[in-house]
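Undergrad: One file is attached below, run10.csv, containing CSV, C-alpha atoms and all ligand atoms.
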chain,number,residue,atom,x,y,z
A,394,MET,CA,-134.1,6.5,-45.4
A,395,SER,CA,-131.9,8.0,-48.0
A,396,ARG,CA,-130.0,5.7,-50.2
A,397,ASP,CA,-127.4,6.0,-52.8
A,398,ARG,CA,-129.0,5.3,-56.2
A,399,SER,CA,-125.9,6.5,-58.0
A,400,PRO,CA,-124.9,4.5,-61.1
A,401,GLY,CA,-122.4,1.7,-60.6
A,402,GLY,CA,-124.8,-0.7,-59.0
A,403,THR,CA,-125.6,-3.8,-61.0
A,404,ALA,CA,-129.2,-4.0,-62.3
A,405,ASP,CA,-130.0,-7.2,-60.4
A,406,HIS,CA,-128.6,-6.2,-57.0
A,407,HIS,CA,-131.0,-5.5,-54.2
A,408,ALA,CA,-130.4,-3.5,-51.1
A,409,GLY,CA,-132.4,-2.0,-48.3
A,410,PHE,CA,-133.5,-1.9,-44.7
A,411,ALA,CA,-135.4,-4.3,-42.5
A,412,CYS,CA,-136.4,-4.3,-38.8
A,413,PHE,CA,-137.9,-6.9,-36.5
A,414,VAL,CA,-140.9,-6.0,-34.3
A,415,GLY,CA,-142.8,-7.9,-31.7
A,416,ARG,CA,-143.5,-8.1,-28.0
A,417,PRO,CA,-140.5,-8.1,-25.6
A,418,ASN,CA,-138.9,-11.5,-25.3
A,419,VAL,CA,-140.2,-13.0,-28.5
A,420,GLY,CA,-136.6,-13.5,-29.7
A,421,LYS,CA,-136.0,-10.5,-32.0
A,422,SER,CA,-132.4,-9.9,-30.9
A,423,THR,CA,-131.5,-13.6,-31.0
A,424,LEU,CA,-132.9,-13.8,-34.5
A,425,LEU,CA,-131.1,-10.7,-35.6
A,426,ASN,CA,-127.8,-12.1,-34.3
A,427,ALA,CA,-128.4,-15.4,-36.0
A,428,LEU,CA,-129.0,-13.4,-39.2
A,429,VAL,CA,-126.1,-11.0,-39.2
A,430,GLY,CA,-123.7,-12.6,-36.8
A,431,GLU,CA,-122.9,-11.7,-33.2
A,432,LYS,CA,-121.3,-8.3,-33.9
A,433,ILE,CA,-123.5,-5.3,-33.2
A,434,ALA,CA,-122.1,-2.8,-35.6
A,435,ILE,CA,-122.4,0.6,-37.0
A,436,THR,CA,-120.8,1.3,-40.3
A,437,SER,CA,-118.6,4.2,-41.2
A,438,ASP,CA,-120.9,5.3,-44.0
A,439,LYS,CA,-121.1,9.1,-44.3
A,440,PRO,CA,-123.5,10.5,-46.8
A,441,GLN,CA,-126.8,9.6,-45.1
A,442,THR,CA,-128.9,12.3,-43.6
A,443,THR,CA,-131.2,9.9,-41.7
A,444,ARG,CA,-129.5,7.8,-39.1
A,445,ARG,CA,-130.9,4.9,-37.4
A,446,ALA,CA,-129.2,2.5,-35.1
A,447,ILE,CA,-127.9,-0.2,-37.4
A,448,ARG,CA,-127.7,-3.6,-35.8
A,449,GLY,CA,-126.1,-5.4,-38.5
A,450,ILE,CA,-125.6,-5.9,-42.2
A,451,VAL,CA,-125.9,-9.0,-44.4
A,452,THR,CA,-123.8,-8.5,-47.5
A,453,ARG,CA,-124.0,-11.2,-50.2
A,454,PRO,CA,-123.2,-11.0,-53.9
A,455,ASP,CA,-126.8,-10.3,-54.9
A,456,ALA,CA,-128.0,-8.2,-52.0
A,457,GLN,CA,-127.3,-6.2,-49.0
A,458,LEU,CA,-129.8,-6.3,-46.1
A,459,VAL,CA,-129.3,-3.6,-43.4
A,460,VAL,CA,-131.1,-4.5,-40.2
A,461,VAL,CA,-132.0,-1.5,-38.0
A,462,ASP,CA,-132.8,-1.5,-34.4
A,463,THR,CA,-136.1,-0.7,-32.8
A,464,PRO,CA,-136.2,-0.4,-29.0
A,465,GLY,CA,-138.4,-2.8,-27.1
A,466,MET,CA,-142.1,-2.2,-27.5
A,467,HIS,CA,-143.7,-0.8,-24.4
A,468,LYS,CA,-147.1,0.6,-23.7
A,469,PRO,CA,-146.4,4.3,-23.4
A,470,ARG,CA,-146.8,5.5,-19.9
A,471,THR,CA,-144.8,8.7,-20.1
A,472,LEU,CA,-144.2,11.4,-22.6
A,473,LEU,CA,-140.8,9.9,-23.2
A,474,GLY,CA,-142.4,6.6,-23.8
A,475,GLU,CA,-144.7,8.2,-26.3
A,476,ARG,CA,-141.8,9.9,-28.0
A,477,LEU,CA,-140.0,6.6,-28.1
A,478,GLY,CA,-143.1,5.1,-29.7
A,479,GLU,CA,-143.0,7.8,-32.4
A,480,VAL,CA,-139.4,7.0,-33.1
A,481,ILE,CA,-140.1,3.3,-33.4
A,482,ARG,CA,-143.0,4.0,-35.8
A,483,GLY,CA,-140.8,6.4,-37.8
A,484,VAL,CA,-138.5,3.5,-38.4
A,485,TRP,CA,-141.4,1.3,-39.5
A,486,SER,CA,-142.3,3.5,-42.4
A,487,ASP,CA,-138.7,4.0,-43.3
A,488,VAL,CA,-137.7,0.4,-43.8
A,489,ASP,CA,-138.4,-1.7,-46.8
A,490,VAL,CA,-139.6,-4.8,-44.9
A,491,ILE,CA,-140.7,-5.6,-41.4
A,492,GLY,CA,-140.4,-9.0,-39.7
A,493,PHE,CA,-143.2,-9.4,-37.2
A,494,CYS,CA,-142.3,-12.0,-34.6
A,495,VAL,CA,-144.4,-14.2,-32.4
A,496,PRO,CA,-143.0,-17.2,-30.4
A,497,ALA,CA,-144.2,-20.7,-31.3
A,498,ASP,CA,-144.9,-21.5,-27.7
A,499,GLU,CA,-147.3,-18.6,-26.7
A,500,ALA,CA,-150.7,-17.8,-28.0
A,501,ILE,CA,-151.2,-14.7,-30.0
A,502,GLY,CA,-152.6,-12.1,-27.6
A,503,PRO,CA,-153.7,-8.5,-27.3
A,504,GLY,CA,-150.1,-7.3,-27.1
A,505,ASP,CA,-149.4,-8.8,-30.6
A,506,ARG,CA,-152.7,-7.4,-32.0
A,507,ARG,CA,-151.9,-3.9,-30.7
A,508,ILE,CA,-148.5,-3.9,-32.5
A,509,MET,CA,-150.1,-5.2,-35.7
A,510,ALA,CA,-152.7,-2.4,-35.5
A,511,ASP,CA,-150.0,0.2,-35.1
A,512,LEU,CA,-148.1,-1.3,-38.0
A,513,ALA,CA,-151.2,-1.2,-40.2
A,514,HIS,CA,-151.7,2.4,-39.2
A,515,ASP,CA,-148.1,3.7,-39.3
A,516,ALA,CA,-146.6,1.7,-42.1
A,517,PRO,CA,-149.6,0.7,-44.2
A,518,ARG,CA,-147.5,0.1,-47.3
A,519,THR,CA,-144.5,-1.6,-45.8
A,520,PRO,CA,-144.5,-5.4,-46.5
A,521,VAL,CA,-144.6,-7.5,-43.4
A,522,LEU,CA,-143.3,-11.0,-42.9
A,523,GLY,CA,-144.9,-13.1,-40.3
A,524,ILE,CA,-142.2,-15.0,-38.3
A,525,VAL,CA,-143.0,-17.8,-35.8
A,526,THR,CA,-139.9,-17.9,-33.6
A,527,LYS,CA,-138.4,-20.5,-31.2
A,528,THR,CA,-139.8,-23.4,-33.1
A,529,ASP,CA,-137.3,-25.7,-31.3
A,530,LYS,CA,-139.5,-25.4,-28.2
A,531,VAL,CA,-142.6,-27.1,-29.6
A,532,GLY,CA,-143.5,-30.0,-32.0
A,533,PRO,CA,-144.5,-29.7,-35.6
A,534,GLU,CA,-148.2,-29.7,-34.9
A,535,ALA,CA,-147.9,-26.7,-32.6
A,536,ILE,CA,-145.8,-24.9,-35.2
A,537,ALA,CA,-148.4,-25.5,-37.9
A,538,LYS,CA,-151.1,-24.3,-35.6
A,539,GLN,CA,-149.2,-21.1,-34.8
A,540,LEU,CA,-148.5,-20.5,-38.5
A,541,LEU,CA,-152.2,-20.8,-39.2
A,542,ALA,CA,-153.2,-18.6,-36.3
A,543,LEU,CA,-150.7,-15.9,-37.4
A,544,SER,CA,-151.7,-15.9,-41.0
A,545,GLN,CA,-155.3,-15.3,-39.9
A,546,VAL,CA,-154.4,-12.1,-38.0
A,547,ARG,CA,-153.5,-10.0,-41.1
A,548,GLU,CA,-152.1,-10.3,-44.6
A,549,PHE,CA,-148.4,-11.1,-44.6
A,550,ALA,CA,-146.0,-11.1,-47.6
A,551,ASP,CA,-145.0,-14.5,-46.3
A,552,VAL,CA,-145.2,-16.5,-43.1
A,553,ILE,CA,-142.2,-18.5,-41.9
A,554,PRO,CA,-141.2,-20.6,-38.9
A,555,VAL,CA,-137.6,-20.2,-37.5
A,556,SER,CA,-135.4,-21.3,-34.7
A,557,ALA,CA,-132.6,-18.8,-34.1
A,558,VAL,CA,-131.0,-21.1,-31.5
A,559,ARG,CA,-130.8,-24.0,-33.9
A,560,GLY,CA,-130.3,-21.9,-37.0
A,561,ASP,CA,-133.3,-23.5,-38.6
A,562,GLN,CA,-134.7,-21.6,-41.6
A,563,VAL,CA,-132.6,-18.5,-40.9
A,564,GLY,CA,-131.2,-18.6,-44.4
A,565,LEU,CA,-134.6,-18.9,-45.9
A,566,LEU,CA,-135.8,-15.9,-43.8
A,567,THR,CA,-132.9,-13.9,-45.2
A,568,ASP,CA,-134.0,-14.8,-48.7
A,569,LEU,CA,-137.6,-13.7,-48.0
A,570,LEU,CA,-136.4,-10.4,-46.5
A,571,VAL,CA,-134.1,-9.8,-49.5
A,572,ALA,CA,-137.0,-10.5,-51.9
A,573,GLN,CA,-138.7,-7.4,-50.6
A,574,LEU,CA,-135.8,-5.1,-51.1
A,575,PRO,CA,-135.7,-2.6,-54.0
A,576,GLU,CA,-133.2,-2.8,-56.8
A,577,SER,CA,-130.2,-0.8,-55.6
A,578,PRO,CA,-126.5,-0.9,-55.4
A,579,ARG,CA,-124.9,-1.6,-52.0
A,580,LEU,CA,-125.7,1.0,-49.4
A,581,TYR,CA,-122.6,0.4,-47.4
A,582,PRO,CA,-119.1,-0.6,-48.5
A,583,ASP,CA,-118.2,-4.2,-48.7
A,584,GLY,CA,-117.4,-5.7,-45.4
A,585,GLU,CA,-117.3,-2.3,-43.9
A,586,VAL,CA,-118.9,-3.2,-40.6
A,587,THR,CA,-116.8,-1.5,-37.9
A,588,ASP,CA,-117.4,0.3,-34.7
A,589,GLU,CA,-117.5,3.9,-35.4
A,590,PRO,CA,-115.3,6.2,-33.4
A,591,VAL,CA,-117.2,8.3,-31.0
A,592,GLU,CA,-116.0,11.5,-32.7
A,593,THR,CA,-117.8,10.4,-35.8
A,594,LEU,CA,-121.0,9.8,-33.9
A,595,ILE,CA,-120.7,13.2,-32.3
A,596,ALA,CA,-120.1,14.8,-35.7
A,597,GLU,CA,-123.2,13.0,-37.0
A,598,LEU,CA,-125.3,14.5,-34.1
A,599,VAL,CA,-124.1,18.0,-34.9
A,600,ARG,CA,-124.6,17.5,-38.6
A,601,GLU,CA,-128.2,16.2,-38.1
A,602,ALA,CA,-129.0,19.2,-35.9
A,603,ALA,CA,-127.4,21.6,-38.4
A,604,LEU,CA,-129.4,20.2,-41.3
A,605,ASP,CA,-132.7,20.1,-39.4
A,606,GLY,CA,-135.3,22.2,-41.1
A,607,VAL,CA,-132.9,23.4,-43.8
A,608,ARG,CA,-132.1,20.2,-45.7
A,609,ASP,CA,-133.2,21.7,-49.0
A,610,GLU,CA,-130.8,24.7,-48.7
A,611,LEU,CA,-127.9,22.6,-47.5
A,612,PRO,CA,-128.1,19.3,-49.4
A,613,HIS,CA,-124.8,17.5,-49.1
A,614,SER,CA,-122.5,20.4,-48.8
A,615,LEU,CA,-122.2,20.2,-45.0
A,616,ALA,CA,-119.7,18.2,-43.1
A,617,VAL,CA,-118.7,18.2,-39.4
A,618,LEU,CA,-115.3,17.5,-37.9
A,619,VAL,CA,-114.6,17.0,-34.2
A,620,SER,CA,-111.2,18.7,-33.8
A,621,GLU,CA,-110.7,18.1,-30.2
A,622,MET,CA,-112.3,16.3,-27.3
A,623,MET,CA,-111.0,16.0,-23.8
A,624,PRO,CA,-112.3,15.6,-20.2
A,625,ARG,CA,-112.0,18.8,-18.2
A,626,GLU,CA,-110.3,18.9,-14.8
A,627,ARG,CA,-112.9,19.5,-12.2
A,628,ALA,CA,-113.0,19.9,-8.5
A,629,PRO,CA,-113.7,16.6,-6.7
A,630,GLY,CA,-117.4,15.8,-6.4
A,631,ARG,CA,-118.4,17.8,-9.4
A,632,ALA,CA,-120.0,16.0,-12.3
A,633,PRO,CA,-117.6,15.0,-15.1
A,634,LEU,CA,-117.5,17.4,-18.1
A,635,THR,CA,-116.1,16.9,-21.5
A,636,ASP,CA,-115.0,19.7,-23.8
A,637,VAL,CA,-115.9,19.1,-27.4
A,638,PHE,CA,-114.6,21.3,-30.2
A,639,ALA,CA,-116.2,20.8,-33.6
A,640,THR,CA,-116.2,22.6,-36.9
A,641,ILE,CA,-119.1,22.7,-39.4
A,642,TYR,CA,-117.8,23.0,-42.9
A,643,VAL,CA,-120.0,24.5,-45.6
A,644,GLU,CA,-119.1,25.3,-49.2
A,645,ARG,CA,-120.4,28.9,-49.6
A,646,ASP,CA,-120.8,32.0,-47.6
A,647,SER,CA,-124.6,31.9,-48.1
A,648,GLN,CA,-124.6,28.5,-46.5
A,649,LYS,CA,-122.6,29.8,-43.6
A,650,SER,CA,-125.3,32.5,-43.0
A,651,ILE,CA,-128.0,29.8,-43.0
A,652,VAL,CA,-126.1,27.7,-40.4
A,653,LEU,CA,-125.4,30.7,-38.2
A,654,GLY,CA,-128.8,32.3,-38.4
A,655,HIS,CA,-129.7,35.7,-37.2
A,656,LYS,CA,-126.8,36.9,-34.9
A,657,GLY,CA,-125.8,33.2,-34.5
A,658,SER,CA,-129.1,32.2,-33.0
A,659,ARG,CA,-129.5,29.2,-35.2
A,660,LEU,CA,-126.0,27.9,-34.5
A,661,ALA,CA,-126.7,28.3,-30.8
A,662,SER,CA,-129.8,26.2,-31.1
A,663,VAL,CA,-127.9,23.6,-33.1
A,664,GLY,CA,-125.4,23.5,-30.3
A,665,ARG,CA,-128.1,23.1,-27.6
A,666,ARG,CA,-129.9,20.3,-29.4
A,667,SER,CA,-126.9,18.3,-30.4
A,668,ARG,CA,-125.4,18.7,-26.9
A,669,VAL,CA,-128.3,16.7,-25.5
A,670,GLY,CA,-127.4,13.7,-27.7
A,671,ILE,CA,-123.7,14.1,-27.1
A,672,GLU,CA,-124.1,14.1,-23.3
A,673,LYS,CA,-126.2,10.9,-23.6
A,674,LEU,CA,-123.5,9.3,-25.8
A,675,LEU,CA,-120.6,10.3,-23.5
A,676,GLY,CA,-122.4,10.0,-20.2
A,677,THR,CA,-120.9,13.3,-19.0
A,678,GLN,CA,-121.8,16.9,-19.1
A,679,VAL,CA,-120.6,18.5,-22.3
A,680,TYR,CA,-119.2,21.9,-23.2
A,681,LEU,CA,-119.7,22.1,-27.0
A,682,ASP,CA,-117.8,24.7,-29.0
A,683,LEU,CA,-119.1,24.9,-32.5
A,684,HIS,CA,-117.4,26.8,-35.3
A,685,VAL,CA,-118.6,27.4,-38.9
A,686,THR,CA,-116.0,27.5,-41.7
A,687,VAL,CA,-116.4,27.9,-45.4
A,688,ALA,CA,-114.2,25.3,-47.2
A,689,LYS,CA,-114.9,26.1,-50.8
A,690,GLU,CA,-115.8,23.1,-52.9
A,691,TRP,CA,-114.7,20.7,-50.3
A,692,GLN,CA,-116.6,17.8,-52.0
A,693,ARG,CA,-114.3,18.1,-54.9
A,694,ASP,CA,-111.1,18.5,-53.0
A,695,PRO,CA,-109.5,15.2,-52.0
A,696,LYS,CA,-107.4,16.8,-49.3
A,697,GLN,CA,-110.4,18.3,-47.6
A,698,LEU,CA,-112.3,15.1,-48.0
A,699,ARG,CA,-109.6,13.1,-46.3
A,700,LYS,CA,-109.5,15.7,-43.5
A,701,LEU,CA,-113.2,15.2,-43.0
A,702,GLY,CA,-112.9,11.5,-42.9
A,703,PHE,CA,-114.1,10.6,-46.4
A,704,ASP,CA,-111.5,8.2,-47.8
A,705,GLY,CA,-111.6,7.8,-51.5
B,1,LIG,N1,-135.5,-22.0,-27.4
B,1,LIG,C1,-135.3,-20.8,-28.0
B,1,LIG,N2,-135.1,-19.7,-27.3
B,1,LIG,C2,-135.0,-18.6,-27.9
B,1,LIG,C3,-134.9,-18.5,-29.3
B,1,LIG,N3,-134.7,-17.2,-29.6
B,1,LIG,C4,-134.6,-16.5,-28.5
B,1,LIG,N4,-134.8,-17.3,-27.4
B,1,LIG,C5,-134.8,-16.9,-26.0
B,1,LIG,O1,-135.9,-16.1,-25.7
B,1,LIG,C6,-135.5,-15.1,-24.8
B,1,LIG,C7,-135.7,-13.7,-25.4
B,1,LIG,O2,-134.9,-13.5,-26.6
B,1,LIG,P1,-134.5,-12.1,-27.1
B,1,LIG,O3,-133.8,-12.3,-28.4
B,1,LIG,O4,-133.8,-11.3,-26.1
B,1,LIG,O5,-135.9,-11.4,-27.3
B,1,LIG,P2,-136.3,-9.9,-27.8
B,1,LIG,O6,-137.6,-10.1,-28.5
B,1,LIG,O7,-135.2,-9.3,-28.5
B,1,LIG,O8,-136.6,-9.2,-26.4
B,1,LIG,P3,-136.7,-7.6,-26.1
B,1,LIG,O9,-135.3,-7.1,-26.3
B,1,LIG,O10,-137.1,-7.6,-24.7
B,1,LIG,O11,-137.7,-7.1,-27.0
B,1,LIG,C8,-134.0,-15.3,-24.5
B,1,LIG,O12,-133.9,-16.0,-23.3
B,1,LIG,C9,-133.5,-16.2,-25.7
B,1,LIG,O13,-132.5,-17.0,-25.3
B,1,LIG,C10,-135.0,-19.7,-30.1
B,1,LIG,O14,-135.0,-19.7,-31.3
B,1,LIG,N5,-135.2,-20.8,-29.3
Can you turn what I pasted into structure tokens?

TA:
Amino acid sequence: MSRDRSPGGTADHHAGFACFVGRPNVGKSTLLNALVGEKIAITSDKPQTTRRAIRGIVTRPDAQLVVVDTPGMHKPRTLLGERLGEVIRGVWSDVDVIGFCVPADEAIGPGDRRIMADLAHDAPRTPVLGIVTKTDKVGPEAIAKQLLALSQVREFADVIPVSAVRGDQVGLLTDLLVAQLPESPRLYPDGEVTDEPVETLIAELVREAALDGVRDELPHSLAVLVSEMMPRERAPGRAPLTDVFATIYVERDSQKSIVLGHKGSRLASVGRRSRVGIEKLLGTQVYLDLHVTVAKEWQRDPKQLRKLGFDG
């Protein structure tokens, strides 16, 4: 994931990404909520080009831990399942640390081993913490046995027992995760954990599609603004449709040509691809109107920046 390494961060501040993996029902979501609080949140950060579903952010004076979401692990049965698997594994190699969860009250089985094999294959260099969850359900002896069994399956950066329900060891787990993060200033503004307006998410989808394949030519000089969005009146019985009007801002004419492509063919494909995501997001059919505008030097113009939603 891209991160802001700009000066201004203190030398001993750490920040980075983590995710939890494990079979369904092992307690990943509960643990995550215990770690970051109940609120599922997306931040209003802008400059990233890689977007993952952010489940929560722990911000403390010395560190910022951003926990990203991975959908439940399933044995791929369909192409979509396989694609989902690819997405999940993409997250694994992107994060700085992975928490691998097994419950205290169930033996480690083939499902766990398969995930660990995938981890070793897809994220061989990412440090993994072994987490024994739901320790409130068993006695100390069983916890010790499970910790031992887990540590024999692979090499872990650390192995730790937790109970998310009781809050046991959750603070220590945070410390262990933070210990694996690189030195970096905060990735997200202080306390800035808000629900993002849907327009921003739509703009992100368009932006991602527009940058796809041409990132090098269009580094950070591309912004997207949704100017209008409204449901269209339709005859009864017809599927709901939303009209979305968005403008892609670039800095130079040459960049406009890149975004447009030959006779506008690239823009059309950007529209088609981002529309799929927008329809999923809105749950309606979407008519997407995309427009490319050159806004010279917008990154240095506070008025333009405000218009595009960058405050400050
Ligand atoms: N006793 C106890 N139960 C827990 C604990 N953590 C989670 N649970 C329960 O275990 C069940 C599954 O928890 P989830 O957090 O949904 O598990 P998950 O791994 O996120 O599940 P998927 O989303 O299916 O992958 C729920 O009924 C939780 O209440 C814990 O620390 N102690």

Undergrad: Could you tell me which of A:Thr452, A:Thr526, A:Ser486, A:Gln457 comes closest to ligand LIG 1 (chain B) if we count all atoms listed in the file?

TA: A:Thr526

Undergrad: If you count all atoms listed in the file, which residues end up within 8 Å of ligand LIG 1 (chain B), as JSON, numbers by chain?

TA: {"A": [414, 415, 416, 417, 418, 419, 420, 421, 422, 423, 424, 425, 464, 465, 466, 494, 526, 527, 528, 529, 530, 555, 556, 557, 558, 559, 560]}

Undergrad: State, in Å with one decimal place, the distance from CA of Arg453 (chain A) to CA of Val490 (chain A).

TA: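 Interatomic distance here is 17.7 Å.
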
Undergrad: Using only C-alpha atoms, which residue out of A:Tyr680, A:Phe410, A:Tyr642, A:Tyr581 lies closest to Met623 (chain A)?

TA: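 The closest residue to Met623 (chain A) is A:Tyr680.
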
Undergrad: Taking into account all atoms listed in the file, which residue in the set A:Pro578, A:Pro496, A:Gly449, A:Pro503 is nearest to Leu540 (chain A)?

TA: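 Looking only at the distances to Leu540 (chain A), the closest residue turns out to be A:Pro496.
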
Undergrad: Have a look at CA of Asp636 (chain A) and CA of Val663 (chain A) and let me know their distance in Å, one decimal.

TA: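 Value for the CA of Asp636 (chain A)-CA of Val663 (chain A) distance: 16.4 Å.
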
Undergrad: Could you give me, as a ChimeraX atom specification, the residues that have an atom at most 12 Å away from the point (-122.9, 11.3, -16.1) in the coordinates of the file, using only C-alpha atoms?

TA: /A:631-635,671-679

Undergrad: Keeping only C-alpha atoms, write the selected residues as a compact mmCIF listing (two decimals), in the coordinates of the input.

TA:
# COMPACT_ATOMS: atom_id res chain seq x y z
CA ARG A 631 -118.40 17.80 -9.40
CA ALA A 632 -120.00 16.00 -12.30
CA PRO A 633 -117.60 15.00 -15.10
CA LEU A 634 -117.50 17.40 -18.10
CA THR A 635 -116.10 16.90 -21.50
CA ILE A 671 -123.70 14.10 -27.10
CA GLU A 672 -124.10 14.10 -23.30
CA LYS A 673 -126.20 10.90 -23.60
CA LEU A 674 -123.50 9.30 -25.80
CA LEU A 675 -120.60 10.30 -23.50
CA GLY A 676 -122.40 10.00 -20.20
CA THR A 677 -120.90 13.30 -19.00
CA GLN A 678 -121.80 16.90 -19.10
CA VAL A 679 -120.60 18.50 -22.30

Undergrad: Just the number, please: distance in Å from CA of Leu604 (chain A) to CA of Val488 (chain A), one decimal.

TA: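 Separating CA of Leu604 (chain A) from CA of Val488 (chain A) is a distance of 21.6 Å.
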
Undergrad: For Thr640 (chain A), which residue among A:Leu615, A:Val429, A:Val591, A:Ala550 is the nearest when counting only C-alpha atoms?

TA: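 Selected residue with least distance to Thr640 (chain A): A:Leu615.
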
Undergrad: Per residue of region 551-640 of chain A within 7 Å of region 517-523 of chain A, note the shortest atom pair and the distance in Å to one decimal, counting all atoms listed in the file, and order the rows by chain and increasing residue number, as CSV.

TA:
residue,atom,partner,partner_atom,distance
A:Asp551,CA,A:Leu522,CA,5.2
A:Val552,CA,A:Gly523,CA,4.4
A:Ile553,CA,A:Gly523,CA,6.2

Undergrad: At most 8 Å from (-114.6, 16.7, -33.4), file frame, only C-alpha atoms: which residues, as a PyMOL selection string?

TA: chain A and resi 592-593+595-596+617-622+637-640

Undergrad: Output C-alpha atoms for every residue in that selection, as a PDB file, in the coordinates of the input.

TA:
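Saved the output as result-v3.pdb:
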ATOM      1  CA  GLU A 592    -116.000  11.500 -32.700  1.00  0.00           C
ATOM      2  CA  THR A 593    -117.800  10.400 -35.800  1.00  0.00           C
ATOM      3  CA  ILE A 595    -120.700  13.200 -32.300  1.00  0.00           C
ATOM      4  CA  ALA A 596    -120.100  14.800 -35.700  1.00  0.00           C
ATOM      5  CA  VAL A 617    -118.700  18.200 -39.400  1.00  0.00           C
ATOM      6  CA  LEU A 618    -115.300  17.500 -37.900  1.00  0.00           C
ATOM      7  CA  VAL A 619    -114.600  17.000 -34.200  1.00  0.00           C
ATOM      8  CA  SER A 620    -111.200  18.700 -33.800  1.00  0.00           C
ATOM      9  CA  GLU A 621    -110.700  18.100 -30.200  1.00  0.00           C
ATOM     10  CA  MET A 622    -112.300  16.300 -27.300  1.00  0.00           C
ATOM     11  CA  VAL A 637    -115.900  19.100 -27.400  1.00  0.00           C
ATOM     12  CA  PHE A 638    -114.600  21.300 -30.200  1.00  0.00           C
ATOM     13  CA  ALA A 639    -116.200  20.800 -33.600  1.00  0.00           C
ATOM     14  CA  THR A 640    -116.200  22.600 -36.900  1.00  0.00           C
TER      15      THR A 640
END

Undergrad: Contacts of His406 (chain A) at 6 Å or less, counting only C-alpha atoms, minus same-chain residues fewer than 6 places along, as a PDB file with C-alpha atoms, keeping the file's coordinate frame?

TA:
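Listed below is the output, selection27.pdb:
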ATOM      1  CA  ASP A 455    -126.800 -10.300 -54.900  1.00  0.00           C
ATOM      2  CA  ALA A 456    -128.000  -8.200 -52.000  1.00  0.00           C
ATOM      3  CA  GLU A 576    -133.200  -2.800 -56.800  1.00  0.00           C
ATOM      4  CA  SER A 577    -130.200  -0.800 -55.600  1.00  0.00           C
ATOM      5  CA  PRO A 578    -126.500  -0.900 -55.400  1.00  0.00           C
TER       6      PRO A 578
END

Undergrad: Under the rule that only C-alpha atoms are counted, which of A:Ala500, A:Val563, A:Val459, A:Leu598 is the nearest residue to Arg666 (chain A)?

TA: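 Looking at the shortest contact to Arg666 (chain A), the residue is A:Leu598.
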